[in-house]
>>> print(open('my_file.cif').read())   # mmCIF, C-alpha atoms and all ligand atoms
data_my_file
loop_
_atom_site.label_atom_id
_atom_site.label_comp_id
_atom_site.auth_asym_id
_atom_site.auth_seq_id
_atom_site.Cartn_x
_atom_site.Cartn_y
_atom_site.Cartn_z
CA ALA A 95 201.01 -10.34 -33.60
CA HIS A 96 199.68 -13.71 -34.72
CA GLU A 97 196.23 -12.93 -33.25
CA VAL A 98 196.04 -9.66 -35.17
CA ASN A 99 197.67 -11.00 -38.33
CA ASN A 100 195.25 -13.84 -38.96
CA PRO A 101 192.10 -11.75 -39.25
CA ILE A 102 193.99 -9.11 -41.24
CA SER A 103 195.17 -11.71 -43.78
CA GLY A 104 191.56 -12.85 -43.94
CA VAL A 105 190.40 -9.33 -44.73
CA VAL A 106 193.10 -8.89 -47.40
CA ASN A 107 192.15 -12.20 -49.10
CA LEU A 108 188.45 -11.45 -49.01
CA THR A 109 189.04 -7.98 -50.43
CA MET A 110 191.07 -9.37 -53.32
CA LEU A 111 188.38 -11.93 -53.99
CA MET A 112 185.73 -9.23 -54.07
CA GLN A 113 187.86 -7.12 -56.42
CA ARG A 114 188.03 -10.07 -58.78
CA ILE A 115 184.28 -10.64 -58.66
CA MET A 116 183.56 -6.98 -59.18
CA LYS A 117 184.02 -6.27 -62.88
CA ALA A 118 183.91 -2.90 -64.58
CA GLU A 119 180.13 -3.16 -64.87
CA GLY A 120 179.70 -4.04 -61.20
CA ILE A 121 178.87 -7.24 -59.33
CA PRO A 122 177.26 -9.90 -61.54
CA PRO A 123 173.69 -10.48 -60.22
CA ASP A 124 174.27 -14.22 -59.69
CA ARG A 125 177.22 -13.49 -57.39
CA ARG A 126 175.65 -10.81 -55.19
CA GLU A 127 174.75 -13.24 -52.42
CA GLU A 128 178.32 -14.57 -52.36
CA PHE A 129 179.65 -11.00 -52.34
CA ARG A 130 177.42 -10.08 -49.39
CA GLY A 131 178.76 -13.13 -47.55
CA TYR A 132 182.34 -11.94 -48.03
CA LEU A 133 181.41 -8.47 -46.83
CA SER A 134 179.98 -9.79 -43.60
CA GLN A 135 183.12 -11.86 -43.10
CA VAL A 136 185.19 -8.69 -43.56
CA ALA A 137 183.01 -6.93 -40.98
CA ALA A 138 183.36 -9.84 -38.53
CA GLU A 139 187.14 -10.10 -38.93
CA THR A 140 187.57 -6.34 -38.58
CA GLN A 141 185.50 -6.36 -35.41
CA ARG A 142 187.71 -9.15 -34.10
CA VAL A 143 190.83 -7.05 -34.69
CA GLY A 144 189.11 -4.13 -32.98
CA ARG A 145 188.37 -6.25 -29.96
CA ILE A 146 191.92 -7.59 -29.77
CA VAL A 147 193.36 -4.08 -30.03
CA SER A 148 191.13 -2.71 -27.28
CA ASP A 149 191.94 -5.70 -25.07
CA LEU A 150 195.63 -5.15 -25.74
CA LEU A 151 195.30 -1.47 -24.85
CA ALA A 152 193.62 -2.38 -21.59
CA PHE A 153 196.33 -4.99 -21.03
CA SER A 154 199.20 -2.56 -21.59
CA ARG A 155 197.63 0.24 -19.48
CA ARG A 156 197.36 -2.02 -16.50
CA SER A 157 200.35 -0.71 -14.60
CA SER A 158 199.28 2.92 -14.32
CA PRO A 159 195.86 3.23 -12.78
CA GLN A 160 194.32 6.72 -12.43
CA ARG A 161 193.15 6.29 -8.90
CA GLU A 162 190.50 8.08 -6.89
CA GLU A 163 188.29 7.31 -3.91
CA THR A 164 185.87 4.78 -5.29
CA ASP A 165 182.66 3.22 -4.08
CA LEU A 166 182.83 -0.32 -5.46
CA ASN A 167 179.07 -0.83 -5.09
CA GLN A 168 178.42 2.22 -7.22
CA VAL A 169 180.77 0.96 -9.95
CA ILE A 170 178.93 -2.38 -9.83
CA HIS A 171 175.53 -0.72 -10.25
CA ARG A 172 176.75 1.39 -13.16
CA THR A 173 178.50 -1.45 -14.98
CA LEU A 174 175.58 -3.82 -14.58
CA SER A 175 173.08 -1.32 -15.85
CA LEU A 176 175.20 -1.17 -19.02
CA LEU A 177 175.04 -4.95 -19.24
CA ALA A 178 171.38 -5.42 -18.35
CA HIS A 179 170.21 -5.99 -21.88
CA LYS A 180 173.00 -8.45 -22.73
CA LEU A 181 172.32 -10.42 -19.57
CA GLU A 182 168.64 -10.58 -20.36
CA LEU A 183 169.42 -11.97 -23.81
CA ALA A 184 171.71 -14.57 -22.22
CA ARG A 185 168.89 -15.49 -19.80
CA ALA A 186 171.23 -14.75 -16.93
CA GLU A 187 169.49 -13.88 -13.73
CA LEU A 188 171.38 -11.50 -11.51
CA ARG A 189 171.60 -11.89 -7.77
CA MET A 190 173.32 -9.03 -5.98
CA GLU A 191 174.27 -8.90 -2.37
CA LEU A 192 176.16 -5.69 -1.77
CA GLU A 193 177.31 -4.74 1.69
CA PRO A 194 175.89 -1.31 2.54
CA SER A 195 178.49 1.37 3.35
CA LEU A 196 181.37 -0.66 2.00
CA PRO A 197 184.70 1.04 2.69
CA ARG A 198 185.88 3.03 -0.31
CA ILE A 199 188.86 1.85 -2.26
CA HIS A 200 191.57 3.90 -3.89
CA ALA A 201 191.04 2.73 -7.44
CA ASP A 202 190.83 3.49 -11.13
CA ARG A 203 187.07 3.37 -11.74
CA SER A 204 187.22 2.56 -15.42
CA GLN A 205 189.65 -0.26 -14.76
CA ILE A 206 187.42 -1.70 -12.04
CA GLU A 207 184.55 -1.41 -14.47
CA GLN A 208 186.60 -3.39 -16.97
CA VAL A 209 187.22 -6.09 -14.35
CA LEU A 210 183.49 -6.43 -13.69
CA LEU A 211 182.65 -6.37 -17.36
CA ASN A 212 185.07 -9.20 -18.12
CA LEU A 213 184.08 -11.36 -15.14
CA VAL A 214 180.35 -10.92 -15.70
CA MET A 215 180.51 -11.46 -19.47
CA ASN A 216 182.60 -14.61 -18.96
CA ALA A 217 180.02 -15.82 -16.44
CA ALA A 218 177.19 -15.19 -18.92
CA GLU A 219 179.11 -16.89 -21.74
CA ALA A 220 179.66 -19.94 -19.53
CA MET A 221 175.89 -20.40 -19.25
CA PRO A 222 174.64 -21.15 -22.76
CA ASP A 223 171.21 -22.12 -21.41
CA GLY A 224 171.01 -19.29 -18.93
CA GLY A 225 171.50 -19.44 -15.19
CA THR A 226 172.32 -17.26 -12.24
CA ILE A 227 175.13 -14.77 -11.78
CA GLY A 228 175.84 -13.75 -8.23
CA ILE A 229 177.65 -10.56 -7.31
CA ARG A 230 178.61 -10.06 -3.73
CA THR A 231 180.64 -7.46 -1.89
CA ARG A 232 181.72 -7.43 1.70
CA SER A 233 184.46 -5.96 3.81
CA ASP A 234 187.08 -7.60 5.90
CA ARG A 235 187.96 -4.72 8.19
CA GLU A 236 190.57 -6.72 10.05
CA GLU A 237 192.53 -7.36 6.86
CA GLY A 238 191.63 -3.92 5.47
CA GLU A 239 190.15 -5.43 2.33
CA VAL A 240 186.97 -5.34 0.36
CA HIS A 241 185.94 -8.57 -1.33
CA LEU A 242 184.14 -8.86 -4.60
CA GLU A 243 182.75 -12.22 -5.56
CA VAL A 244 181.36 -13.13 -8.96
CA THR A 245 179.74 -16.55 -9.21
CA ASP A 246 177.90 -18.36 -11.95
CA THR A 247 176.03 -21.61 -12.47
CA GLY A 248 177.77 -22.27 -15.80
CA THR A 249 179.87 -25.04 -17.27
CA GLY A 250 182.71 -24.75 -14.78
CA ILE A 251 186.42 -24.86 -15.69
CA SER A 252 188.27 -28.15 -15.97
CA GLU A 253 191.19 -28.88 -13.69
CA GLU A 254 193.69 -28.76 -16.56
CA HIS A 255 192.43 -25.35 -17.75
CA LEU A 256 192.21 -23.79 -14.32
CA SER A 257 195.92 -22.98 -14.10
CA ARG A 258 195.95 -21.39 -17.56
CA ILE A 259 192.90 -19.12 -17.61
CA PHE A 260 194.88 -16.01 -16.60
CA ASP A 261 197.44 -16.53 -19.38
CA PRO A 262 197.27 -14.05 -22.25
CA PHE A 263 195.58 -15.57 -25.31
CA PHE A 264 194.35 -18.65 -23.48
CA THR A 265 190.79 -19.24 -24.64
CA THR A 266 188.43 -22.16 -25.08
CA LYS A 267 185.97 -20.07 -27.08
CA ASP A 268 185.36 -20.22 -30.81
CA GLU A 269 187.26 -18.05 -33.28
CA GLY A 270 185.77 -14.61 -33.18
CA LYS A 271 184.16 -15.11 -29.77
CA GLY A 272 187.10 -14.99 -27.45
CA VAL A 273 190.69 -13.85 -27.81
CA GLY A 274 191.79 -14.92 -24.35
CA LEU A 275 192.85 -11.53 -23.00
CA GLY A 276 189.92 -10.86 -20.66
CA LEU A 277 191.26 -12.55 -17.57
CA SER A 278 194.85 -11.47 -18.10
CA VAL A 279 193.56 -7.89 -18.20
CA VAL A 280 191.60 -8.56 -15.00
CA TYR A 281 194.66 -10.08 -13.33
CA GLY A 282 196.88 -7.15 -14.34
CA ILE A 283 194.42 -4.55 -13.07
CA ILE A 284 193.87 -6.26 -9.72
CA ASP A 285 197.61 -6.73 -9.30
CA ALA A 286 198.29 -3.05 -10.05
CA HIS A 287 195.76 -2.16 -7.35
CA GLY A 288 197.61 -4.28 -4.81
CA GLY A 289 194.86 -6.88 -4.76
CA THR A 290 194.52 -10.58 -5.45
CA ILE A 291 192.18 -12.75 -7.45
CA ASP A 292 191.30 -16.40 -6.85
CA VAL A 293 189.16 -18.81 -8.73
CA GLU A 294 187.30 -21.93 -7.73
CA SER A 295 185.35 -24.10 -10.08
CA TRP A 296 183.32 -27.25 -9.75
CA PRO A 297 183.34 -30.04 -12.33
CA GLU A 298 179.54 -30.40 -12.07
CA GLY A 299 179.27 -26.73 -12.96
CA GLY A 300 179.64 -23.33 -11.43
CA THR A 301 182.58 -21.01 -10.96
CA ARG A 302 183.50 -18.45 -8.36
CA PHE A 303 185.98 -15.61 -8.78
CA GLN A 304 187.01 -13.77 -5.68
CA VAL A 305 188.77 -10.43 -5.83
CA ARG A 306 190.31 -8.81 -2.77
CA LEU A 307 191.25 -5.15 -2.83
CA PRO A 308 192.89 -3.19 -0.04
CA PHE A 309 191.18 -0.05 1.23
CA ASN A 310 192.82 2.89 2.93
CA HIS A 311 190.13 4.60 4.93
CA PRO A 312 188.04 1.99 6.71
CA GLU A 313 185.91 4.50 8.67
CA GLY A 314 186.44 8.10 7.63
CA ASN A 315 185.07 8.02 4.12
CA ASN A 316 181.87 6.23 4.70
CA PRO A 317 178.73 8.15 5.36
CA ALA A 318 176.53 5.14 6.15
P1 LIG A 401 188.08 -15.20 -23.45
O1 LIG A 401 186.81 -14.84 -22.73
O2 LIG A 401 188.36 -14.30 -24.62
O3 LIG A 401 188.17 -16.65 -23.80
P2 LIG A 401 189.39 -14.85 -20.90
O4 LIG A 401 190.81 -14.56 -20.55
O5 LIG A 401 188.37 -13.90 -20.34
O6 LIG A 401 189.31 -14.93 -22.46
O7 LIG A 401 189.01 -16.31 -20.40
C1 LIG A 401 189.87 -17.39 -20.68
C2 LIG A 401 189.12 -18.70 -20.57
O8 LIG A 401 188.77 -18.96 -19.21
C3 LIG A 401 187.80 -18.78 -21.32
O9 LIG A 401 187.97 -19.09 -22.67
C4 LIG A 401 187.08 -19.90 -20.57
O10 LIG A 401 187.53 -21.16 -20.99
C5 LIG A 401 187.58 -19.71 -19.15
N1 LIG A 401 186.60 -19.00 -18.29
C6 LIG A 401 186.69 -17.73 -17.85
N2 LIG A 401 185.65 -17.42 -17.05
C7 LIG A 401 184.88 -18.52 -16.98
C8 LIG A 401 183.65 -18.86 -16.30
N3 LIG A 401 183.02 -17.96 -15.54
N4 LIG A 401 183.17 -20.11 -16.47
C9 LIG A 401 183.80 -21.02 -17.23
N5 LIG A 401 184.96 -20.77 -17.90
C10 LIG A 401 185.49 -19.55 -17.78
#
>>> encode(input="my_file.cif", output="structure tokens")
Amino acid sequence: AHEVNNPISGVVNLTMLMQRIMKAEGIPPDRREEFRGYLSQVAAETQRVGRIVSDLLAFSRRSSPQREETDLNQVIHRTLSLLAHKLELARAELRMELEPSLPRIHADRSQIEQVLLNLVMNAAEAMPDGGTIGIRTRSDREEGEVHLEVTDTGTGISEEHLSRIFDPFFTTKDEGKGVGLGLSVVYGIIDAHGGTIDVESWPEGGTRFQVRLPFNHPEGNNPA
């Protein structure tokens, strides 16, 4: 409530301020620049609320995935093509190593897409000067699992933060940039799919997230 309330109070205050500036005859010419500034703050704060609400929706939907037979590699290709432009802007080079004919998983595609989106955007945001994002899939047929690994060459996560990154609302990002729900959404989705997620990070930089998801049909479903 606090996370949603703050930007909303901001919007209310800014709106009242703008009402005061705006007289019957309109905005005084010498205050137009100031007025425009308030309007962009309103836009930014409203976008922030929007982002929190959609994160919260994803967070609360986590327990009821709409599952179907899913090719993880295909979801990766689709999600990354949506992100291509953003990654280019972030000067993030992508290195993919996808195991051909990966066993299919019984999964909610849009939720898996959300997992990738969050992990990859976090990786990009951890590399302010650009770097490399690695995406790897492989199968562990003995354990009946597919593994998805997302690595980056970014800032890394400090020891004291490492145990908190999956907590709702834990963020180290600036106001407006992060609300701290991304990884709790990821955790919830993976958990609801019967999987696990682990993280490793190095103080000199670089982080690796490893997701393991069980699959049901190791052979049958896989035209190689
Ligand atoms: P948000 O991105 O809104 O901050 P998340 O739950 O996605 O929320 O992430 C929580 C925190 O975990 C981030 O603020 C950041 O400190 C840390 N984090 C997540 N992924 C990475 C990464 N790849 N490299 C470094 N830090 C990360």
>>> atom_distance(input="my_file.cif", atom1="CA of Asp268 (chain A)", atom2="atom O3 of ligand LIG 401 (chain A)")
8.4 Å
>>> atom_distance(input="my_file.cif", atom1="CA of Val305 (chain A)", atom2="CA of Glu239 (chain A)")
9.7 Å
>>> residues_around(input="my_file.cif", residues="Asn310 (chain A)", least_positions_apart="3", cutoff="8 Å", atoms="only C-alpha atoms", output="NGL selection string")
:A and (198-200 or 238)
>>> write_last_selection(input="my_file.cif", atoms="C-alpha atoms", output="tab-separated table (two decimals), keeping the file's coordinate frame")
chain	number	residue	atom	x	y	z
A	198	ARG	CA	185.88	3.03	-0.31
A	199	ILE	CA	188.86	1.85	-2.26
A	200	HIS	CA	191.57	3.90	-3.89
A	238	GLY	CA	191.63	-3.92	5.47
>>> closest_atom_pairs(input="my_file.cif", of="chain A", to="ligand LIG 401 (chain A)", cutoff="8 Å", atoms="only C-alpha atoms and all ligand atoms", output="JSON lines")
{"residue": "A:Asn212", "atom": "CA", "partner": "A:LIG401", "partner_atom": "O5", "distance": 6.2}
{"residue": "A:Leu213", "atom": "CA", "partner": "A:LIG401", "partner_atom": "N2", "distance": 6.5}
{"residue": "A:Val214", "atom": "CA", "partner": "A:LIG401", "partner_atom": "N3", "distance": 7.5}
{"residue": "A:Met215", "atom": "CA", "partner": "A:LIG401", "partner_atom": "O1", "distance": 7.9}
{"residue": "A:Asn216", "atom": "CA", "partner": "A:LIG401", "partner_atom": "N2", "distance": 4.6}
{"residue": "A:Ala217", "atom": "CA", "partner": "A:LIG401", "partner_atom": "N3", "distance": 3.8}
{"residue": "A:Ala218", "atom": "CA", "partner": "A:LIG401", "partner_atom": "N3", "distance": 7.3}
{"residue": "A:Glu219", "atom": "CA", "partner": "A:LIG401", "partner_atom": "C8", "distance": 7.4}
{"residue": "A:Ala220", "atom": "CA", "partner": "A:LIG401", "partner_atom": "N4", "distance": 4.7}
{"residue": "A:Met221", "atom": "CA", "partner": "A:LIG401", "partner_atom": "N4", "distance": 7.8}
{"residue": "A:Thr245", "atom": "CA", "partner": "A:LIG401", "partner_atom": "N3", "distance": 7.3}
{"residue": "A:Asp246", "atom": "CA", "partner": "A:LIG401", "partner_atom": "N3", "distance": 6.3}
{"residue": "A:Gly248", "atom": "CA", "partner": "A:LIG401", "partner_atom": "N4", "distance": 5.9}
{"residue": "A:Thr249", "atom": "CA", "partner": "A:LIG401", "partner_atom": "C9", "distance": 5.6}
{"residue": "A:Gly250", "atom": "CA", "partner": "A:LIG401", "partner_atom": "C9", "distance": 4.6}
{"residue": "A:Ile251", "atom": "CA", "partner": "A:LIG401", "partner_atom": "N5", "distance": 4.9}
{"residue": "A:His255", "atom": "CA", "partner": "A:LIG401", "partner_atom": "O10", "distance": 7.2}
{"residue": "A:Leu256", "atom": "CA", "partner": "A:LIG401", "partner_atom": "O8", "distance": 7.7}
{"residue": "A:Arg258", "atom": "CA", "partner": "A:LIG401", "partner_atom": "O8", "distance": 7.8}
{"residue": "A:Ile259", "atom": "CA", "partner": "A:LIG401", "partner_atom": "O8", "distance": 4.4}
{"residue": "A:Phe260", "atom": "CA", "partner": "A:LIG401", "partner_atom": "O4", "distance": 5.9}
{"residue": "A:Asp261", "atom": "CA", "partner": "A:LIG401", "partner_atom": "O4", "distance": 7.0}
{"residue": "A:Pro262", "atom": "CA", "partner": "A:LIG401", "partner_atom": "O4", "distance": 6.7}
{"residue": "A:Phe263", "atom": "CA", "partner": "A:LIG401", "partner_atom": "O4", "distance": 6.8}
{"residue": "A:Phe264", "atom": "CA", "partner": "A:LIG401", "partner_atom": "C1", "distance": 5.4}
{"residue": "A:Thr265", "atom": "CA", "partner": "A:LIG401", "partner_atom": "O9", "distance": 3.4}
{"residue": "A:Thr266", "atom": "CA", "partner": "A:LIG401", "partner_atom": "O9", "distance": 3.9}
{"residue": "A:Lys267", "atom": "CA", "partner": "A:LIG401", "partner_atom": "O9", "distance": 4.9}
{"residue": "A:Lys271", "atom": "CA", "partner": "A:LIG401", "partner_atom": "O2", "distance": 6.7}
{"residue": "A:Gly272", "atom": "CA", "partner": "A:LIG401", "partner_atom": "O2", "distance": 3.2}
{"residue": "A:Val273", "atom": "CA", "partner": "A:LIG401", "partner_atom": "O2", "distance": 4.0}
{"residue": "A:Gly274", "atom": "CA", "partner": "A:LIG401", "partner_atom": "O6", "distance": 3.1}
{"residue": "A:Leu275", "atom": "CA", "partner": "A:LIG401", "partner_atom": "O4", "distance": 4.4}
{"residue": "A:Gly276", "atom": "CA", "partner": "A:LIG401", "partner_atom": "O5", "distance": 3.4}
{"residue": "A:Leu277", "atom": "CA", "partner": "A:LIG401", "partner_atom": "O4", "distance": 3.6}
{"residue": "A:Ser278", "atom": "CA", "partner": "A:LIG401", "partner_atom": "O4", "distance": 5.6}
{"residue": "A:Val279", "atom": "CA", "partner": "A:LIG401", "partner_atom": "O4", "distance": 7.6}
{"residue": "A:Ser295", "atom": "CA", "partner": "A:LIG401", "partner_atom": "N4", "distance": 7.8}
{"residue": "A:Gly300", "atom": "CA", "partner": "A:LIG401", "partner_atom": "N4", "distance": 6.9}
{"residue": "A:Thr301", "atom": "CA", "partner": "A:LIG401", "partner_atom": "N3", "distance": 5.5}
{"residue": "A:Arg302", "atom": "CA", "partner": "A:LIG401", "partner_atom": "N3", "distance": 7.2}
{"residue": "A:Phe303", "atom": "CA", "partner": "A:LIG401", "partner_atom": "N3", "distance": 7.7}
>>> residues_near_point(input="my_file.cif", point="(187.7, -6.3, -39.9)", cutoff="12 Å", atoms="only C-alpha atoms", output="list of chain:residue names")
A:Val98, A:Asn99, A:Asn100, A:Pro101, A:Ile102, A:Ser103, A:Gly104, A:Val105, A:Val106, A:Asn107, A:Leu108, A:Thr109, A:Tyr132, A:Leu133, A:Ser134, A:Gln135, A:Val136, A:Ala137, A:Ala138, A:Glu139, A:Thr140, A:Gln141, A:Arg142, A:Val143, A:Gly144, A:Arg145, A:Ile146, A:Val147, A:Gly270
>>> atom_distance(input="my_file.cif", atom1="CA of Thr247 (chain A)", atom2="CA of Ala186 (chain A)")
9.5 Å
>>> residues_around(input="my_file.cif", residues="Leu166 (chain A)", least_positions_apart="6", cutoff="12 Å", atoms="all atoms listed in the file", output="count of residues only")
35
>>> residues_around(input="my_file.cif", residues="Glu187 (chain A)", least_positions_apart="5", cutoff="8 Å", atoms="all atoms listed in the file", output="PyMOL selection string")
chain A and resi 181-182+224-227
>>> decode(input="my_file.cif", residues="region 279-312 of chain A", atoms="N, CA and C atoms", output="PDB file, in the first residue's frame")
ATOM      1  N   VAL A 279       8.309 -12.155  -8.006  1.00  0.00           N
ATOM      2  CA  VAL A 279       7.426 -12.731  -9.021  1.00  0.00           C
ATOM      3  C   VAL A 279       8.087 -13.971  -9.626  1.00  0.00           C
ATOM      4  N   VAL A 280       9.364 -13.834  -9.987  1.00  0.00           N
ATOM      5  CA  VAL A 280      10.103 -14.958 -10.572  1.00  0.00           C
ATOM      6  C   VAL A 280      10.078 -16.160  -9.622  1.00  0.00           C
ATOM      7  N   TYR A 281      10.382 -15.895  -8.367  1.00  0.00           N
ATOM      8  CA  TYR A 281      10.429 -16.971  -7.371  1.00  0.00           C
ATOM      9  C   TYR A 281       9.074 -17.676  -7.274  1.00  0.00           C
ATOM     10  N   GLY A 282       8.010 -16.866  -7.186  1.00  0.00           N
ATOM     11  CA  GLY A 282       6.655 -17.423  -7.070  1.00  0.00           C
ATOM     12  C   GLY A 282       6.284 -18.291  -8.259  1.00  0.00           C
ATOM     13  N   ILE A 283       6.621 -17.828  -9.459  1.00  0.00           N
ATOM     14  CA  ILE A 283       6.278 -18.576 -10.675  1.00  0.00           C
ATOM     15  C   ILE A 283       7.039 -19.906 -10.719  1.00  0.00           C
ATOM     16  N   ILE A 284       8.333 -19.844 -10.442  1.00  0.00           N
ATOM     17  CA  ILE A 284       9.142 -21.063 -10.496  1.00  0.00           C
ATOM     18  C   ILE A 284       8.655 -22.060  -9.440  1.00  0.00           C
ATOM     19  N   ASP A 285       8.336 -21.546  -8.279  1.00  0.00           N
ATOM     20  CA  ASP A 285       7.845 -22.397  -7.197  1.00  0.00           C
ATOM     21  C   ASP A 285       6.527 -23.067  -7.584  1.00  0.00           C
ATOM     22  N   ALA A 286       5.624 -22.296  -8.195  1.00  0.00           N
ATOM     23  CA  ALA A 286       4.325 -22.851  -8.605  1.00  0.00           C
ATOM     24  C   ALA A 286       4.484 -23.898  -9.708  1.00  0.00           C
ATOM     25  N   HIS A 287       5.604 -23.851 -10.429  1.00  0.00           N
ATOM     26  CA  HIS A 287       5.868 -24.855 -11.458  1.00  0.00           C
ATOM     27  C   HIS A 287       6.659 -26.040 -10.912  1.00  0.00           C
ATOM     28  N   GLY A 288       6.846 -26.074  -9.613  1.00  0.00           N
ATOM     29  CA  GLY A 288       7.572 -27.176  -8.997  1.00  0.00           C
ATOM     30  C   GLY A 288       9.080 -27.103  -9.205  1.00  0.00           C
ATOM     31  N   GLY A 289       9.563 -25.921  -9.557  1.00  0.00           N
ATOM     32  CA  GLY A 289      10.991 -25.770  -9.830  1.00  0.00           C
ATOM     33  C   GLY A 289      11.729 -25.074  -8.709  1.00  0.00           C
ATOM     34  N   THR A 290      13.010 -24.801  -8.969  1.00  0.00           N
ATOM     35  CA  THR A 290      13.824 -24.072  -7.981  1.00  0.00           C
ATOM     36  C   THR A 290      14.636 -23.001  -8.703  1.00  0.00           C
ATOM     37  N   ILE A 291      15.050 -22.012  -7.941  1.00  0.00           N
ATOM     38  CA  ILE A 291      15.934 -20.996  -8.509  1.00  0.00           C
ATOM     39  C   ILE A 291      17.075 -20.718  -7.538  1.00  0.00           C
ATOM     40  N   ASP A 292      18.283 -20.653  -8.076  1.00  0.00           N
ATOM     41  CA  ASP A 292      19.464 -20.365  -7.256  1.00  0.00           C
ATOM     42  C   ASP A 292      20.216 -19.211  -7.872  1.00  0.00           C
ATOM     43  N   VAL A 293      20.937 -18.506  -7.002  1.00  0.00           N
ATOM     44  CA  VAL A 293      21.721 -17.390  -7.498  1.00  0.00           C
ATOM     45  C   VAL A 293      23.128 -17.468  -6.954  1.00  0.00           C
ATOM     46  N   GLU A 294      24.061 -17.088  -7.795  1.00  0.00           N
ATOM     47  CA  GLU A 294      25.459 -16.980  -7.389  1.00  0.00           C
ATOM     48  C   GLU A 294      25.945 -15.649  -7.896  1.00  0.00           C
ATOM     49  N   SER A 295      26.762 -14.976  -7.095  1.00  0.00           N
ATOM     50  CA  SER A 295      27.248 -13.692  -7.565  1.00  0.00           C
ATOM     51  C   SER A 295      28.668 -13.508  -7.076  1.00  0.00           C
ATOM     52  N   TRP A 296      29.454 -12.792  -7.849  1.00  0.00           N
ATOM     53  CA  TRP A 296      30.852 -12.607  -7.519  1.00  0.00           C
ATOM     54  C   TRP A 296      31.120 -11.142  -7.227  1.00  0.00           C
ATOM     55  N   PRO A 297      31.865 -10.891  -6.108  1.00  0.00           N
ATOM     56  CA  PRO A 297      32.086  -9.507  -5.695  1.00  0.00           C
ATOM     57  C   PRO A 297      32.779  -8.690  -6.785  1.00  0.00           C
ATOM     58  N   GLU A 298      33.634  -9.341  -7.587  1.00  0.00           N
ATOM     59  CA  GLU A 298      34.325  -8.576  -8.648  1.00  0.00           C
ATOM     60  C   GLU A 298      33.415  -8.360  -9.859  1.00  0.00           C
ATOM     61  N   GLY A 299      32.188  -8.873  -9.756  1.00  0.00           N
ATOM     62  CA  GLY A 299      31.228  -8.626 -10.833  1.00  0.00           C
ATOM     63  C   GLY A 299      30.732  -9.917 -11.433  1.00  0.00           C
ATOM     64  N   GLY A 300      29.485  -9.856 -11.910  1.00  0.00           N
ATOM     65  CA  GLY A 300      28.927 -11.026 -12.568  1.00  0.00           C
ATOM     66  C   GLY A 300      27.981 -11.780 -11.660  1.00  0.00           C
ATOM     67  N   THR A 301      26.872 -12.198 -12.233  1.00  0.00           N
ATOM     68  CA  THR A 301      25.838 -12.894 -11.478  1.00  0.00           C
ATOM     69  C   THR A 301      25.292 -14.016 -12.346  1.00  0.00           C
ATOM     70  N   ARG A 302      24.894 -15.087 -11.676  1.00  0.00           N
ATOM     71  CA  ARG A 302      24.332 -16.213 -12.402  1.00  0.00           C
ATOM     72  C   ARG A 302      23.057 -16.687 -11.702  1.00  0.00           C
ATOM     73  N   PHE A 303      21.967 -16.689 -12.421  1.00  0.00           N
ATOM     74  CA  PHE A 303      20.726 -17.265 -11.900  1.00  0.00           C
ATOM     75  C   PHE A 303      20.520 -18.604 -12.582  1.00  0.00           C
ATOM     76  N   GLN A 304      20.199 -19.601 -11.784  1.00  0.00           N
ATOM     77  CA  GLN A 304      19.926 -20.903 -12.373  1.00  0.00           C
ATOM     78  C   GLN A 304      18.539 -21.392 -11.965  1.00  0.00           C
ATOM     79  N   VAL A 305      17.734 -21.644 -12.991  1.00  0.00           N
ATOM     80  CA  VAL A 305      16.372 -22.124 -12.770  1.00  0.00           C
ATOM     81  C   VAL A 305      16.324 -23.592 -13.175  1.00  0.00           C
ATOM     82  N   ARG A 306      15.689 -24.405 -12.344  1.00  0.00           N
ATOM     83  CA  ARG A 306      15.479 -25.809 -12.703  1.00  0.00           C
ATOM     84  C   ARG A 306      13.994 -26.077 -12.744  1.00  0.00           C
ATOM     85  N   LEU A 307      13.528 -26.666 -13.826  1.00  0.00           N
ATOM     86  CA  LEU A 307      12.106 -26.965 -13.955  1.00  0.00           C
ATOM     87  C   LEU A 307      11.925 -28.437 -14.316  1.00  0.00           C
ATOM     88  N   PRO A 308      11.007 -29.101 -13.649  1.00  0.00           N
ATOM     89  CA  PRO A 308      10.797 -30.516 -13.969  1.00  0.00           C
ATOM     90  C   PRO A 308      10.079 -30.678 -15.312  1.00  0.00           C
ATOM     91  N   PHE A 309      10.395 -31.721 -16.035  1.00  0.00           N
ATOM     92  CA  PHE A 309       9.626 -32.020 -17.256  1.00  0.00           C
ATOM     93  C   PHE A 309       8.980 -33.397 -17.122  1.00  0.00           C
ATOM     94  N   ASN A 310       7.876 -33.565 -17.870  1.00  0.00           N
ATOM     95  CA  ASN A 310       7.135 -34.817 -17.700  1.00  0.00           C
ATOM     96  C   ASN A 310       7.453 -35.867 -18.743  1.00  0.00           C
ATOM     97  N   HIS A 311       7.724 -35.397 -19.963  1.00  0.00           N
ATOM     98  CA  HIS A 311       7.849 -36.341 -21.064  1.00  0.00           C
ATOM     99  C   HIS A 311       9.227 -36.232 -21.675  1.00  0.00           C
ATOM    100  N   PRO A 312      10.211 -36.873 -21.054  1.00  0.00           N
ATOM    101  CA  PRO A 312      11.585 -36.711 -21.517  1.00  0.00           C
ATOM    102  C   PRO A 312      11.785 -37.109 -22.981  1.00  0.00           C
TER     103      PRO A 312
END
